[in-house]
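Structure file protein_6.cif with mmCIF, C-alpha atoms, pLDDT in the B column; chains and numbers go by the auth columns:
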data_structure
#
loop_
_atom_site.group_PDB
_atom_site.id
_atom_site.type_symbol
_atom_site.label_atom_id
_atom_site.label_comp_id
_atom_site.label_asym_id
_atom_site.label_seq_id
_atom_site.Cartn_x
_atom_site.Cartn_y
_atom_site.Cartn_z
_atom_site.B_iso_or_equiv
_atom_site.auth_seq_id
_atom_site.auth_asym_id
ATOM 1 C CA MET A 1 49.499 114.926 99.633 84.00 1 A
ATOM 2 C CA SER A 2 46.830 113.972 102.198 94.00 2 A
ATOM 3 C CA VAL A 3 46.919 110.561 103.837 97.00 3 A
ATOM 4 C CA VAL A 4 44.030 108.523 105.192 97.00 4 A
ATOM 5 C CA LYS A 5 44.353 106.173 108.151 97.00 5 A
ATOM 6 C CA ILE A 6 41.591 103.667 108.819 97.00 6 A
ATOM 7 C CA ASN A 7 41.798 101.827 112.113 96.00 7 A
ATOM 8 C CA VAL A 8 39.736 98.631 111.848 97.00 8 A
ATOM 9 C CA LEU A 9 38.506 97.709 115.339 96.00 9 A
ATOM 10 C CA THR A 10 36.874 94.334 115.946 96.00 10 A
ATOM 11 C CA VAL A 11 34.270 95.016 118.619 95.00 11 A
ATOM 12 C CA PRO A 12 31.986 92.308 120.003 93.00 12 A
ATOM 13 C CA GLN A 13 28.289 93.290 120.143 92.00 13 A
ATOM 14 C CA GLU A 14 28.351 93.575 123.947 93.00 14 A
ATOM 15 C CA GLN A 15 31.234 96.101 123.805 94.00 15 A
ATOM 16 C CA ARG A 16 29.813 98.460 121.152 95.00 16 A
ATOM 17 C CA GLU A 17 28.250 100.880 123.639 95.00 17 A
ATOM 18 C CA THR A 18 31.486 100.975 125.640 95.00 18 A
ATOM 19 C CA LEU A 19 33.550 101.779 122.541 94.00 19 A
ATOM 20 C CA GLU A 20 31.196 104.543 121.414 96.00 20 A
ATOM 21 C CA LYS A 21 31.110 106.095 124.901 94.00 21 A
ATOM 22 C CA ARG A 22 34.913 106.115 125.046 90.00 22 A
ATOM 23 C CA PHE A 23 35.146 107.876 121.692 90.00 23 A
ATOM 24 C CA ALA A 24 32.462 110.370 122.779 92.00 24 A
ATOM 25 C CA SER A 25 34.364 111.130 125.992 86.00 25 A
ATOM 26 C CA ARG A 26 37.411 112.077 123.920 82.00 26 A
ATOM 27 C CA ALA A 27 35.429 114.171 121.448 77.00 27 A
ATOM 28 C CA HIS A 28 37.461 117.059 120.068 83.00 28 A
ATOM 29 C CA ALA A 29 40.758 115.522 121.225 83.00 29 A
ATOM 30 C CA VAL A 30 42.158 115.366 117.678 88.00 30 A
ATOM 31 C CA GLU A 31 40.627 118.399 115.933 90.00 31 A
ATOM 32 C CA GLY A 32 43.291 120.852 117.091 90.00 32 A
ATOM 33 C CA SER A 33 46.205 118.685 115.983 92.00 33 A
ATOM 34 C CA ASP A 34 48.501 120.153 113.351 95.00 34 A
ATOM 35 C CA GLY A 35 47.742 118.601 109.976 96.00 35 A
ATOM 36 C CA PHE A 36 44.430 117.020 111.022 95.00 36 A
ATOM 37 C CA GLU A 37 41.754 117.187 108.297 96.00 37 A
ATOM 38 C CA TRP A 38 38.884 114.791 109.165 94.00 38 A
ATOM 39 C CA PHE A 39 37.556 112.122 111.565 94.00 39 A
ATOM 40 C CA GLU A 40 34.666 109.654 111.435 95.00 40 A
ATOM 41 C CA LEU A 41 33.726 106.679 113.624 96.00 41 A
ATOM 42 C CA LEU A 42 31.778 104.219 111.469 97.00 42 A
ATOM 43 C CA ARG A 43 29.491 101.678 113.188 97.00 43 A
ATOM 44 C CA PRO A 44 28.939 98.359 111.378 96.00 44 A
ATOM 45 C CA VAL A 45 25.364 97.814 110.197 94.00 45 A
ATOM 46 C CA GLU A 46 25.437 94.188 109.099 92.00 46 A
ATOM 47 C CA GLY A 47 27.783 91.326 108.347 92.00 47 A
ATOM 48 C CA THR A 48 30.740 92.356 110.534 93.00 48 A
ATOM 49 C CA ASP A 49 31.798 93.356 114.046 92.00 49 A
ATOM 50 C CA ASP A 50 34.401 95.776 112.654 96.00 50 A
ATOM 51 C CA TYR A 51 34.152 99.489 113.394 96.00 51 A
ATOM 52 C CA LEU A 52 36.151 101.803 111.137 97.00 52 A
ATOM 53 C CA VAL A 53 37.908 104.845 112.582 95.00 53 A
ATOM 54 C CA TYR A 54 38.607 107.119 109.607 96.00 54 A
ATOM 55 C CA THR A 55 41.090 109.969 109.931 95.00 55 A
ATOM 56 C CA ARG A 56 42.579 112.159 107.233 96.00 56 A
ATOM 57 C CA TRP A 57 45.845 114.059 107.634 96.00 57 A
ATOM 58 C CA ARG A 58 47.782 116.651 105.640 97.00 58 A
ATOM 59 C CA ASP A 59 50.740 114.252 105.462 97.00 59 A
ATOM 60 C CA GLU A 60 52.319 111.228 107.134 96.00 60 A
ATOM 61 C CA ALA A 61 54.476 113.415 109.390 96.00 61 A
ATOM 62 C CA SER A 62 51.359 115.073 110.879 96.00 62 A
ATOM 63 C CA PHE A 63 49.813 111.680 111.632 95.00 63 A
ATOM 64 C CA GLN A 64 53.020 110.377 113.214 95.00 64 A
ATOM 65 C CA ALA A 65 53.339 113.504 115.386 94.00 65 A
ATOM 66 C CA TRP A 66 49.787 112.978 116.660 92.00 66 A
ATOM 67 C CA MET A 67 50.448 109.265 117.283 90.00 67 A
ATOM 68 C CA GLU A 68 53.539 110.019 119.373 91.00 68 A
ATOM 69 C CA GLY A 69 51.980 112.919 121.277 85.00 69 A
ATOM 70 C CA PRO A 70 48.263 113.477 121.914 73.00 70 A
ATOM 71 C CA MET A 71 47.079 109.996 120.884 77.00 71 A
ATOM 72 C CA LYS A 72 49.604 108.215 123.067 71.00 72 A
ATOM 73 C CA SER A 73 48.689 110.412 126.045 68.00 73 A
ATOM 74 C CA ALA A 74 44.952 109.852 125.556 62.00 74 A
ATOM 75 C CA HIS A 75 45.337 106.082 125.471 61.00 75 A
ATOM 76 C CA GLN A 76 47.622 105.935 128.509 61.00 76 A
ATOM 77 C CA GLY A 77 45.153 107.795 130.695 57.00 77 A
ATOM 78 C CA GLY A 78 45.760 110.867 132.775 49.00 78 A
ATOM 79 C CA ASP A 79 47.300 109.357 135.899 47.00 79 A
ATOM 80 C CA ALA A 80 48.211 105.745 135.204 46.00 80 A
ATOM 81 C CA GLY A 81 49.815 105.369 138.629 48.00 81 A
ATOM 82 C CA ASN A 82 46.552 105.874 140.533 48.00 82 A
ATOM 83 C CA ALA A 83 44.005 104.138 138.335 60.00 83 A
ATOM 84 C CA GLU A 84 43.740 100.791 136.664 69.00 84 A
ATOM 85 C CA ARG A 85 43.454 101.124 132.913 70.00 85 A
ATOM 86 C CA PRO A 86 40.063 99.923 131.596 78.00 86 A
ATOM 87 C CA LYS A 87 39.910 96.782 129.487 84.00 87 A
ATOM 88 C CA PRO A 88 39.925 97.509 125.731 87.00 88 A
ATOM 89 C CA ALA A 89 36.487 97.402 124.083 90.00 89 A
ATOM 90 C CA ALA A 90 38.002 96.050 120.858 91.00 90 A
ATOM 91 C CA SER A 91 39.341 92.534 120.579 87.00 91 A
ATOM 92 C CA GLY A 92 41.536 93.389 117.601 88.00 92 A
ATOM 93 C CA SER A 93 42.916 96.349 115.672 90.00 93 A
ATOM 94 C CA THR A 94 44.495 96.847 112.253 93.00 94 A
ATOM 95 C CA VAL A 95 45.524 100.149 110.638 94.00 95 A
ATOM 96 C CA TRP A 96 45.113 100.637 106.910 95.00 96 A
ATOM 97 C CA SER A 97 47.046 103.519 105.280 97.00 97 A
ATOM 98 C CA PHE A 98 46.213 105.252 101.995 96.00 98 A
ATOM 99 C CA GLU A 99 47.338 108.298 100.008 96.00 99 A
ATOM 100 C CA VAL A 100 44.601 110.441 98.470 94.00 100 A
ATOM 101 C CA VAL A 101 45.164 110.425 94.711 95.00 101 A
ATOM 102 C CA GLN A 102 41.737 111.617 93.542 95.00 102 A
ATOM 103 C CA GLN A 103 38.786 113.290 95.209 92.00 103 A
ATOM 104 C CA ALA A 104 35.513 114.988 94.316 93.00 104 A
ATOM 105 C CA ALA A 105 33.116 117.258 96.162 90.00 105 A
ATOM 106 C CA PRO A 106 29.438 117.878 95.483 93.00 106 A
ATOM 107 C CA THR A 107 28.589 120.573 92.960 93.00 107 A
ATOM 108 C CA GLY A 108 25.583 122.822 92.775 85.00 108 A
ATOM 109 C CA PRO A 109 23.356 124.283 95.469 80.00 109 A
#

Could I get this file's structure written as structure tokens?
Amino acid sequence: MSVVKINVLTVPQEQRETLEKRFASRAHAVEGSDGFEWFELLRPVEGTDDYLVYTRWRDEASFQAWMEGPMKSAHQGGDAGNAERPKPAASGSTVWSFEVVQQAAPTGP
């Protein structure tokens, strides 16, 4: 059964561009991961500073394997010994986890 992980990132207005650039610079970093099914970065339009990072995985084991491998490497930086790690763009982060129990796709042309 597929699982959905939504990372809720609180991002102050002045850090939005930084966050989006960082995600863009890592484009395609997750697509080749075993069990990966979907990714979306959702920008808030009104009423909140929270971005949503939506990922869908074949199963929990696939997500955990990505978290312990490619994701951890990407967030630690290539050569941590020679470069100072940039300050996080988000001031807070929470992960929501869901199992997909129903879904629908468009029908027709």

Original post:
Taking only C-alpha atoms into account, which of A:Leu9, A:Val53, A:Ala29, A:Ala105 comes nearest A:Leu41?
Top reply: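 The shortest atom-to-atom distance to A:Leu41 comes from A:Val53.
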
**OP:** Go through A:Gly69, A:Glu46, A:Arg22, A:Phe63 one by one, measure the shortest atom-to-atom distance of each to A:Pro86 using only C-alpha atoms, and give the residue with the smallest value.
**Re:** A:Arg22

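Excluding A:Glu20 itself and same-chain residues fewer than 6 positions from it, the residues having an atom within 10 Å of it are A:Leu41, A:Leu42, A:Arg43, A:Tyr51, A:Ala89, counting all atoms listed in the file.
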
**OP:** Grab the atom CA of A:Thr18 to atom CA of A:Trp66 distance for me, in Å with one decimal place.
**Re:**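 Answer for the atom CA of A:Thr18 to atom CA of A:Trp66 separation: 23.7 Å.
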
**OP:** May I have the protein, DNA and RNA residues with an atom at most 10 Å from (42.8, 115.4, 111.5), counting only C-alpha atoms in the file's coordinates, returned as JSON, numbers by chain?
**Re:** {"A": [3, 4, 5, 29, 30, 31, 32, 33, 34, 35, 36, 37, 38, 39, 40, 54, 55, 56, 57, 58, 62, 63, 66]}

Identify the residues within 8 Å of coordinate (41.2, 95.8, 121.1) (same frame as the file), considering only C-alpha atoms, and give the answer as a PDB file with C-alpha atoms, in the coordinates of the input.
ATOM      1  CA  LEU A   9      38.506  97.709 115.339  1.00 96.00           C
ATOM      2  CA  THR A  10      36.874  94.334 115.946  1.00 96.00           C
ATOM      3  CA  VAL A  11      34.270  95.016 118.619  1.00 95.00           C
ATOM      4  CA  PRO A  88      39.925  97.509 125.731  1.00 87.00           C
ATOM      5  CA  ALA A  89      36.487  97.402 124.083  1.00 90.00           C
ATOM      6  CA  ALA A  90      38.002  96.050 120.858  1.00 91.00           C
ATOM      7  CA  SER A  91      39.341  92.534 120.579  1.00 87.00           C
ATOM      8  CA  GLY A  92      41.536  93.389 117.601  1.00 88.00           C
ATOM      9  CA  SER A  93      42.916  96.349 115.672  1.00 90.00           C
TER      10      SER A  93
END

**OP:** Would you work out the distance separating atom CA of A:Ser2 from atom CA of A:Asp59, expressed in Å to one decimal?
**Re:**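 Pair atom CA of A:Ser2 / atom CA of A:Asp59 returns 5.1 Å.
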
**OP:** Select, from A:Ala24, A:Met67, A:Ala61, A:Ile6, the residue with the minimum atom-to-atom distance to A:Phe98, counting all atoms listed in the file.
**Re:** A:Ile6

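Atom CA of A:Lys87 lies 25.7 Å from atom CA of A:Ala65.
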
Centre, x/y/z edge lengths, axis-aligned box for stretch 38-42 of chain A with 8 Å per side, as AutoDock Vina command-line options:
--center_x 35.3 --center_y 109.5 --center_z 111.4 --size_x 23.1 --size_y 26.6 --size_z 20.5

Original post:
Quick one: residues within 6 Å of A:Asn7, all atoms listed in the file counted, chain neighbours fewer than 4 positions away excluded, as number ranges by chain?
Top reply: A: 52-53, 94-95
